[in-house]
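Trainee: Coordinates in entry-v4.pdb, PDB, C-alpha atoms, pLDDT in the B column, are listed below.
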```
ATOM      1  CA  MET Z   1      76.479 -42.557  19.541  1.00 75.00           C
ATOM      2  CA  GLU Z   2      78.116 -39.997  21.800  1.00 84.00           C
ATOM      3  CA  SER Z   3      78.038 -36.411  20.567  1.00 89.00           C
ATOM      4  CA  PRO Z   4      81.122 -34.180  20.642  1.00 94.00           C
ATOM      5  CA  ALA Z   5      81.122 -31.642  23.483  1.00 95.00           C
ATOM      6  CA  LEU Z   6      81.137 -27.977  22.547  1.00 96.00           C
ATOM      7  CA  GLU Z   7      83.754 -26.362  24.778  1.00 96.00           C
ATOM      8  CA  SER Z   8      84.001 -22.813  23.454  1.00 96.00           C
ATOM      9  CA  ILE Z   9      82.943 -20.455  20.671  1.00 97.00           C
ATOM     10  CA  GLU Z  10      85.379 -17.936  19.235  1.00 97.00           C
ATOM     11  CA  GLN Z  11      84.106 -15.072  17.079  1.00 97.00           C
ATOM     12  CA  VAL Z  12      86.721 -14.150  14.473  1.00 97.00           C
ATOM     13  CA  SER Z  13      84.835 -11.654  12.309  1.00 96.00           C
ATOM     14  CA  ASP Z  14      81.784  -9.418  12.501  1.00 96.00           C
ATOM     15  CA  GLY Z  15      79.402  -7.947   9.950  1.00 93.00           C
ATOM     16  CA  TRP Z  16      76.266  -9.012   8.108  1.00 90.00           C
ATOM     17  CA  LEU Z  17      77.613 -12.548   8.438  1.00 94.00           C
ATOM     18  CA  LYS Z  18      79.681 -13.410  11.497  1.00 97.00           C
ATOM     19  CA  LYS Z  19      82.373 -16.062  11.419  1.00 98.00           C
ATOM     20  CA  TYR Z  20      82.897 -18.333  14.405  1.00 98.00           C
ATOM     21  CA  ILE Z  21      85.381 -21.054  15.344  1.00 98.00           C
ATOM     22  CA  LEU Z  22      83.764 -23.847  17.331  1.00 98.00           C
ATOM     23  CA  HIS Z  23      86.038 -25.795  19.682  1.00 98.00           C
ATOM     24  CA  TYR Z  24      84.877 -29.363  20.332  1.00 97.00           C
ATOM     25  CA  ARG Z  25      86.107 -32.222  22.479  1.00 96.00           C
ATOM     26  CA  MET Z  26      85.529 -35.496  20.680  1.00 96.00           C
ATOM     27  CA  ALA Z  27      84.426 -38.736  22.339  1.00 92.00           C
ATOM     28  CA  ASP Z  28      88.015 -40.027  22.352  1.00 94.00           C
ATOM     29  CA  GLY Z  29      89.255 -36.886  24.117  1.00 95.00           C
ATOM     30  CA  SER Z  30      90.809 -35.280  21.050  1.00 97.00           C
ATOM     31  CA  GLN Z  31      90.164 -31.660  20.108  1.00 97.00           C
ATOM     32  CA  HIS Z  32      88.425 -30.522  16.937  1.00 97.00           C
ATOM     33  CA  VAL Z  33      87.855 -27.011  15.572  1.00 97.00           C
ATOM     34  CA  TYR Z  34      85.207 -26.121  13.017  1.00 98.00           C
ATOM     35  CA  GLU Z  35      84.584 -22.903  11.077  1.00 97.00           C
ATOM     36  CA  THR Z  36      81.007 -21.678  10.663  1.00 97.00           C
ATOM     37  CA  VAL Z  37      79.047 -18.509   9.907  1.00 97.00           C
ATOM     38  CA  SER Z  38      75.836 -17.096  11.327  1.00 96.00           C
ATOM     39  CA  ARG Z  39      73.771 -13.938  11.252  1.00 93.00           C
ATOM     40  CA  LYS Z  40      73.328 -14.240  15.017  1.00 94.00           C
ATOM     41  CA  GLY Z  41      75.428 -12.375  17.537  1.00 94.00           C
ATOM     42  CA  PRO Z  42      77.569 -14.387  19.981  1.00 95.00           C
ATOM     43  CA  GLU Z  43      74.964 -14.747  22.745  1.00 94.00           C
ATOM     44  CA  ALA Z  44      72.104 -15.704  20.417  1.00 92.00           C
ATOM     45  CA  PHE Z  45      74.361 -18.072  18.482  1.00 94.00           C
ATOM     46  CA  ARG Z  46      75.498 -19.857  21.632  1.00 94.00           C
ATOM     47  CA  ALA Z  47      71.909 -20.117  22.902  1.00 92.00           C
ATOM     48  CA  HIS Z  48      70.852 -21.609  19.573  1.00 92.00           C
ATOM     49  CA  LEU Z  49      73.617 -24.229  19.642  1.00 93.00           C
ATOM     50  CA  GLU Z  50      72.910 -25.142  23.256  1.00 92.00           C
ATOM     51  CA  ALA Z  51      69.185 -25.503  22.544  1.00 92.00           C
ATOM     52  CA  ASN Z  52      69.994 -27.799  19.618  1.00 90.00           C
ATOM     53  CA  SER Z  53      72.140 -29.987  21.864  1.00 89.00           C
ATOM     54  CA  ARG Z  54      69.169 -30.390  24.225  1.00 89.00           C
ATOM     55  CA  GLY Z  55      66.877 -31.344  21.352  1.00 86.00           C
ATOM     56  CA  GLU Z  56      64.784 -28.214  21.720  1.00 85.00           C
ATOM     57  CA  ALA Z  57      62.992 -26.941  18.620  1.00 66.00           C
ATOM     58  CA  PRO Z  58      64.211 -23.522  17.412  1.00 66.00           C
ATOM     59  CA  THR Z  59      61.786 -20.716  18.177  1.00 67.00           C
ATOM     60  CA  ALA Z  60      62.089 -18.673  14.994  1.00 80.00           C
ATOM     61  CA  ALA Z  61      63.372 -18.876  11.439  1.00 91.00           C
ATOM     62  CA  ASP Z  62      65.941 -16.482  10.014  1.00 93.00           C
ATOM     63  CA  ALA Z  63      64.150 -16.168   6.671  1.00 96.00           C
ATOM     64  CA  VAL Z  64      60.996 -17.081   4.768  1.00 97.00           C
ATOM     65  CA  CYS Z  65      60.668 -18.531   1.252  1.00 97.00           C
ATOM     66  CA  ILE Z  66      57.324 -18.009  -0.510  1.00 98.00           C
ATOM     67  CA  VAL Z  67      55.920 -20.559  -2.966  1.00 98.00           C
ATOM     68  CA  GLY Z  68      53.161 -18.460  -4.496  1.00 98.00           C
ATOM     69  CA  THR Z  69      50.494 -19.815  -6.856  1.00 97.00           C
ATOM     70  CA  THR Z  70      48.247 -17.528  -8.928  1.00 98.00           C
ATOM     71  CA  PRO Z  71      44.626 -18.159  -9.986  1.00 97.00           C
ATOM     72  CA  ARG Z  72      46.075 -18.927 -13.445  1.00 96.00           C
ATOM     73  CA  ASN Z  73      47.832 -22.046 -12.079  1.00 96.00           C
ATOM     74  CA  THR Z  74      51.236 -20.451 -12.337  1.00 97.00           C
ATOM     75  CA  LEU Z  75      54.063 -20.179  -9.823  1.00 98.00           C
ATOM     76  CA  VAL Z  76      55.574 -16.790  -9.057  1.00 98.00           C
ATOM     77  CA  MET Z  77      59.321 -17.194  -9.393  1.00 98.00           C
ATOM     78  CA  ILE Z  78      62.360 -14.989  -9.694  1.00 98.00           C
ATOM     79  CA  ARG Z  79      65.703 -14.838 -11.423  1.00 98.00           C
ATOM     80  CA  GLU Z  80      68.016 -13.056  -9.002  1.00 97.00           C
ATOM     81  CA  PHE Z  81      71.667 -12.125  -9.374  1.00 98.00           C
ATOM     82  CA  ARG Z  82      73.417 -13.848  -6.485  1.00 96.00           C
ATOM     83  CA  TYR Z  83      76.755 -12.260  -5.721  1.00 95.00           C
ATOM     84  CA  PRO Z  84      78.384 -15.347  -4.101  1.00 93.00           C
ATOM     85  CA  LEU Z  85      77.674 -17.232  -7.347  1.00 96.00           C
ATOM     86  CA  ASN Z  86      78.487 -14.351  -9.713  1.00 97.00           C
ATOM     87  CA  SER Z  87      75.440 -15.541 -11.636  1.00 97.00           C
ATOM     88  CA  TRP Z  88      71.709 -15.242 -11.947  1.00 98.00           C
ATOM     89  CA  CYS Z  89      69.852 -17.946 -10.020  1.00 97.00           C
ATOM     90  CA  VAL Z  90      66.277 -19.265 -10.267  1.00 98.00           C
ATOM     91  CA  ALA Z  91      64.436 -19.238  -6.957  1.00 98.00           C
ATOM     92  CA  PHE Z  92      61.239 -18.413  -5.142  1.00 98.00           C
ATOM     93  CA  PRO Z  93      60.875 -14.999  -3.491  1.00 98.00           C
ATOM     94  CA  ALA Z  94      62.442 -15.007  -0.037  1.00 97.00           C
ATOM     95  CA  GLY Z  95      63.806 -12.704   2.601  1.00 96.00           C
ATOM     96  CA  LEU Z  96      64.988 -12.229   6.151  1.00 95.00           C
ATOM     97  CA  VAL Z  97      62.566 -12.046   9.063  1.00 95.00           C
ATOM     98  CA  ASP Z  98      62.685  -8.687  10.844  1.00 94.00           C
ATOM     99  CA  PRO Z  99      62.951  -8.654  14.670  1.00 90.00           C
ATOM    100  CA  GLY Z 100      59.543  -9.389  16.209  1.00 90.00           C
ATOM    101  CA  GLU Z 101      58.010 -10.271  12.833  1.00 93.00           C
ATOM    102  CA  ASP Z 102      56.089 -13.525  12.348  1.00 92.00           C
ATOM    103  CA  ILE Z 103      56.556 -15.615   9.220  1.00 93.00           C
ATOM    104  CA  ALA Z 104      53.155 -14.703   7.737  1.00 93.00           C
ATOM    105  CA  ARG Z 105      53.874 -10.969   7.932  1.00 95.00           C
ATOM    106  CA  CYS Z 106      57.410 -11.489   6.639  1.00 96.00           C
ATOM    107  CA  ALA Z 107      56.131 -13.537   3.698  1.00 96.00           C
ATOM    108  CA  GLU Z 108      53.611 -10.866   2.747  1.00 96.00           C
ATOM    109  CA  ARG Z 109      56.175  -8.059   3.054  1.00 96.00           C
ATOM    110  CA  GLU Z 110      58.959  -9.820   1.154  1.00 96.00           C
ATOM    111  CA  LEU Z 111      56.598 -10.955  -1.587  1.00 97.00           C
ATOM    112  CA  GLN Z 112      55.446  -7.390  -2.197  1.00 97.00           C
ATOM    113  CA  GLU Z 113      58.921  -5.876  -1.937  1.00 96.00           C
ATOM    114  CA  GLU Z 114      60.562  -8.336  -4.320  1.00 97.00           C
ATOM    115  CA  THR Z 115      57.783  -8.988  -6.821  1.00 98.00           C
ATOM    116  CA  GLY Z 116      54.846  -6.582  -6.494  1.00 97.00           C
ATOM    117  CA  TYR Z 117      52.556  -9.542  -5.733  1.00 98.00           C
ATOM    118  CA  SER Z 118      50.359  -9.840  -2.638  1.00 97.00           C
ATOM    119  CA  LEU Z 119      48.382 -12.561  -0.916  1.00 96.00           C
ATOM    120  CA  LEU Z 120      44.904 -13.018  -2.358  1.00 95.00           C
ATOM    121  CA  PRO Z 121      42.301 -11.342  -0.119  1.00 93.00           C
ATOM    122  CA  GLY Z 122      40.959 -13.690   2.514  1.00 92.00           C
ATOM    123  CA  THR Z 123      43.909 -16.075   2.278  1.00 93.00           C
ATOM    124  CA  GLY Z 124      46.987 -16.596   4.387  1.00 91.00           C
ATOM    125  CA  VAL Z 125      50.128 -18.677   4.221  1.00 95.00           C
ATOM    126  CA  GLU Z 126      50.485 -22.411   4.763  1.00 96.00           C
ATOM    127  CA  PRO Z 127      53.916 -23.068   6.284  1.00 95.00           C
ATOM    128  CA  LEU Z 128      55.741 -26.355   6.298  1.00 94.00           C
ATOM    129  CA  PRO Z 129      55.764 -27.883   9.800  1.00 92.00           C
ATOM    130  CA  GLN Z 130      59.236 -26.578  10.574  1.00 91.00           C
ATOM    131  CA  ALA Z 131      61.939 -24.370   9.170  1.00 92.00           C
ATOM    132  CA  GLY Z 132      64.787 -26.096   7.342  1.00 92.00           C
ATOM    133  CA  TYR Z 133      68.505 -25.479   7.554  1.00 92.00           C
ATOM    134  CA  SER Z 134      70.036 -24.047   4.377  1.00 92.00           C
ATOM    135  CA  SER Z 135      73.501 -25.560   4.653  1.00 93.00           C
ATOM    136  CA  THR Z 136      74.209 -27.624   7.765  1.00 93.00           C
ATOM    137  CA  GLY Z 137      77.905 -27.883   6.941  1.00 95.00           C
ATOM    138  CA  MET Z 138      78.413 -24.122   6.898  1.00 95.00           C
ATOM    139  CA  SER Z 139      75.730 -22.179   8.759  1.00 95.00           C
ATOM    140  CA  ASP Z 140      72.857 -22.293  11.240  1.00 94.00           C
ATOM    141  CA  GLU Z 141      70.566 -20.333   8.882  1.00 94.00           C
ATOM    142  CA  GLN Z 142      66.966 -21.570   8.929  1.00 94.00           C
ATOM    143  CA  VAL Z 143      64.424 -20.809   6.220  1.00 96.00           C
ATOM    144  CA  HIS Z 144      60.703 -21.438   6.627  1.00 96.00           C
ATOM    145  CA  VAL Z 145      58.968 -22.375   3.365  1.00 97.00           C
ATOM    146  CA  VAL Z 146      55.361 -21.195   3.077  1.00 97.00           C
ATOM    147  CA  PHE Z 147      52.746 -21.780   0.394  1.00 97.00           C
ATOM    148  CA  ALA Z 148      50.338 -19.011  -0.590  1.00 97.00           C
ATOM    149  CA  GLN Z 149      47.789 -17.910  -3.154  1.00 98.00           C
ATOM    150  CA  VAL Z 150      48.966 -14.666  -4.703  1.00 98.00           C
ATOM    151  CA  GLU Z 151      48.222 -12.086  -7.374  1.00 97.00           C
ATOM    152  CA  LYS Z 152      50.067  -9.066  -8.757  1.00 97.00           C
ATOM    153  CA  THR Z 153      48.843  -5.873  -7.118  1.00 96.00           C
ATOM    154  CA  GLY Z 154      51.561  -3.316  -7.738  1.00 95.00           C
ATOM    155  CA  GLU Z 155      55.212  -2.683  -8.376  1.00 96.00           C
ATOM    156  CA  PRO Z 156      58.079  -4.113  -6.335  1.00 96.00           C
ATOM    157  CA  ASN Z 157      60.009  -1.976  -3.867  1.00 93.00           C
ATOM    158  CA  ARG Z 158      63.504  -3.466  -3.957  1.00 93.00           C
ATOM    159  CA  GLU Z 159      66.843  -2.358  -2.567  1.00 90.00           C
ATOM    160  CA  PRO Z 160      69.124  -0.880  -5.285  1.00 92.00           C
ATOM    161  CA  ASN Z 161      71.475  -3.880  -5.107  1.00 93.00           C
ATOM    162  CA  GLU Z 162      68.642  -6.442  -5.410  1.00 94.00           C
ATOM    163  CA  LEU Z 163      68.711  -7.466  -9.065  1.00 97.00           C
ATOM    164  CA  ILE Z 164      65.541  -9.487  -9.619  1.00 97.00           C
ATOM    165  CA  GLU Z 165      63.451 -10.487 -12.623  1.00 97.00           C
ATOM    166  CA  VAL Z 166      59.985 -11.858 -11.825  1.00 98.00           C
ATOM    167  CA  PHE Z 167      58.302 -14.456 -13.985  1.00 98.00           C
ATOM    168  CA  GLU Z 168      55.333 -16.796 -13.813  1.00 98.00           C
ATOM    169  CA  LEU Z 169      55.880 -20.476 -14.508  1.00 98.00           C
ATOM    170  CA  PRO Z 170      52.763 -22.445 -15.542  1.00 97.00           C
ATOM    171  CA  LEU Z 171      52.489 -25.645 -13.523  1.00 96.00           C
ATOM    172  CA  SER Z 172      52.041 -27.586 -16.751  1.00 95.00           C
ATOM    173  CA  GLU Z 173      55.427 -26.335 -18.005  1.00 96.00           C
ATOM    174  CA  ILE Z 174      57.515 -27.367 -14.993  1.00 96.00           C
ATOM    175  CA  PRO Z 175      58.982 -30.520 -16.626  1.00 95.00           C
ATOM    176  CA  ALA Z 176      60.082 -28.615 -19.747  1.00 96.00           C
ATOM    177  CA  PHE Z 177      61.450 -25.757 -17.632  1.00 97.00           C
ATOM    178  CA  LEU Z 178      63.598 -28.104 -15.562  1.00 96.00           C
ATOM    179  CA  GLU Z 179      64.790 -29.959 -18.643  1.00 95.00           C
ATOM    180  CA  ALA Z 180      65.885 -26.757 -20.381  1.00 96.00           C
ATOM    181  CA  ALA Z 181      67.280 -24.932 -17.336  1.00 93.00           C
ATOM    182  CA  GLU Z 182      70.686 -23.362 -17.873  1.00 94.00           C
ATOM    183  CA  LEU Z 183      70.855 -21.094 -14.826  1.00 96.00           C
ATOM    184  CA  PRO Z 184      71.573 -22.421 -11.333  1.00 96.00           C
ATOM    185  CA  ILE Z 185      68.405 -23.302  -9.413  1.00 96.00           C
ATOM    186  CA  GLY Z 186      68.255 -22.802  -5.654  1.00 94.00           C
ATOM    187  CA  THR Z 187      67.868 -26.034  -3.689  1.00 94.00           C
ATOM    188  CA  ARG Z 188      64.463 -25.147  -2.241  1.00 95.00           C
ATOM    189  CA  ALA Z 189      63.132 -24.184  -5.681  1.00 96.00           C
ATOM    190  CA  GLN Z 190      64.538 -27.331  -7.237  1.00 96.00           C
ATOM    191  CA  LEU Z 191      62.926 -29.592  -4.639  1.00 95.00           C
ATOM    192  CA  VAL Z 192      59.530 -27.891  -4.862  1.00 96.00           C
ATOM    193  CA  LEU Z 193      59.567 -27.948  -8.671  1.00 97.00           C
ATOM    194  CA  GLU Z 194      60.551 -31.618  -8.756  1.00 95.00           C
ATOM    195  CA  LEU Z 195      57.779 -32.417  -6.281  1.00 94.00           C
ATOM    196  CA  LEU Z 196      55.188 -30.548  -8.361  1.00 93.00           C
ATOM    197  CA  LYS Z 197      56.534 -32.164 -11.510  1.00 90.00           C
ATOM    198  CA  ALA Z 198      56.105 -35.624  -9.987  1.00 83.00           C
ATOM    199  CA  LYS Z 199      52.480 -34.869  -9.128  1.00 77.00           C
ATOM    200  CA  ARG Z 200      51.582 -34.002 -12.741  1.00 56.00           C
ATOM    201  CA  PRO Z 201      51.458 -36.193 -15.838  1.00 47.00           C
ATOM    202  CA  LEU Z 202      54.399 -35.646 -18.193  1.00 39.00           C
TER     203      LEU Z 202
END
```
Could you render the structure as structure tokens?

Mentor:
Amino acid sequence: MESPALESIEQVSDGWLKKYILHYRMADGSQHVYETVSRKGPEAFRAHLEANSRGEAPTAADAVCIVGTTPRNTLVMIREFRYPLNSWCVAFPAGLVDPGEDIARCAERELQEETGYSLLPGTGVEPLPQAGYSSTGMSDEQVHVVFAQVEKTGEPNREPNELIEVFELPLSEIPAFLEAAELPIGTRAQLVLELLKAKRPL
């Protein structure tokens, strides 16, 4: 199947998120415009799209999501107030990768900042083979999920507008937790919890 041809990229707003209009020429010669958002500036955004069209693997994720397990066989999870939802949401700790930062360092930093937990001494992170796109119909954001062994070592160091409650979820209680859930659950958290649920007897 022939792919549409990207003819131009128009930036229509700037800020923490940048809005772009993508202008495509379809296989039948017709024109199509598509709205999207990205954290990348115009040059980096264009380079990312062009690399995708060539089938080249992206070089770096925008963010890291940490699935942390304690020695007590519990998962470290958070309830965070998410402003776009106007609601608290269940998720795993996560955060943006700083410039020049690798995913292991980002995971360790974000875990400590959001939760007060740290990687167990002598352990590292086990990342999934590649970062995943958060919402392919809206954004190019990529999040790399990593698994880690963790333990509480101090207090979190959050931004004032980060409203987060940390809790530990015993692996044995995942089925009941999912059954009783009333708050929204982030997609990554939902998939991981369902996977772990499927691996355990009910």

Trainee: Emit as JSON the padded axis-aligned box for all listed atoms of segment 151-161 of chain Z, 4 Å per side, with centre and edge lengths in Å to one decimal.

Mentor:
```
{"center_x": 59.8, "center_y": -6.5, "center_z": -5.7, "size_x": 31.3, "size_y": 19.2, "size_z": 14.2}
```

Trainee: For atom CA of Lys18 of chain Z and atom CA of Tyr83 of chain Z, determine how far apart the two atoms are, in Å to one decimal place.

Mentor: 17.5 Å

Trainee: Which polymer residues have any atom within 10 Å of an atom of segment 1-3 of chain Z, counting only C-alpha atoms, with same-chain residues fewer than 6 positions away left out, as number ranges by chain?

Mentor: Z: 24-28, 53

Trainee: Quick one: residues within 9 Å of Gln112 of chain Z, only C-alpha atoms counted, chain neighbours fewer than 4 positions away excluded, as a PyMOL selection string?

Mentor: chain Z and resi 107-108+116-119+152-157

Trainee: Report the distance between atom CA of Leu169 of chain Z and atom CA of Ile103 of chain Z in Å, rounded to one decimal place.

Mentor: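 These atoms are spaced 24.2 Å apart.
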
Trainee: In terms of the shortest atom-to-atom distance over all atoms listed in the file, which of Z:Ala131, Z:Ile78, Z:Leu178, Z:Glu101 is closest to Leu195 of chain Z?

Mentor: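 Distance minimum relative to Leu195 of chain Z lands on Z:Leu178.
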
Trainee: Kindly give the distance, in Å, that separates atom CA of Ala91 of chain Z and atom CA of Pro121 of chain Z, rounded to a single decimal.

Mentor: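 It comes out at 24.5 Å.
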
Trainee: Pick the closest to Leu128 of chain Z from Z:Gln31, Z:Val192, Z:Trp88, Z:Glu162: which is it, counting only C-alpha atoms?

Mentor: Z:Val192

Trainee: Got a sec: who's within 6 Å of segment 135-147 of chain Z, counting all atoms listed in the file, leaving out chain neighbours fewer than 6 positions off, as a ChimeraX atom specification?

Mentor: /Z:36-38,61-68,125-128

Trainee: I'd like to know which of Z:Glu179, Z:Glu35, Z:Glu114, Z:Glu7 is closest to His23 of chain Z, using all atoms listed in the file.

Mentor: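 Of the candidates, the smallest distance to His23 of chain Z is held by Z:Glu7.
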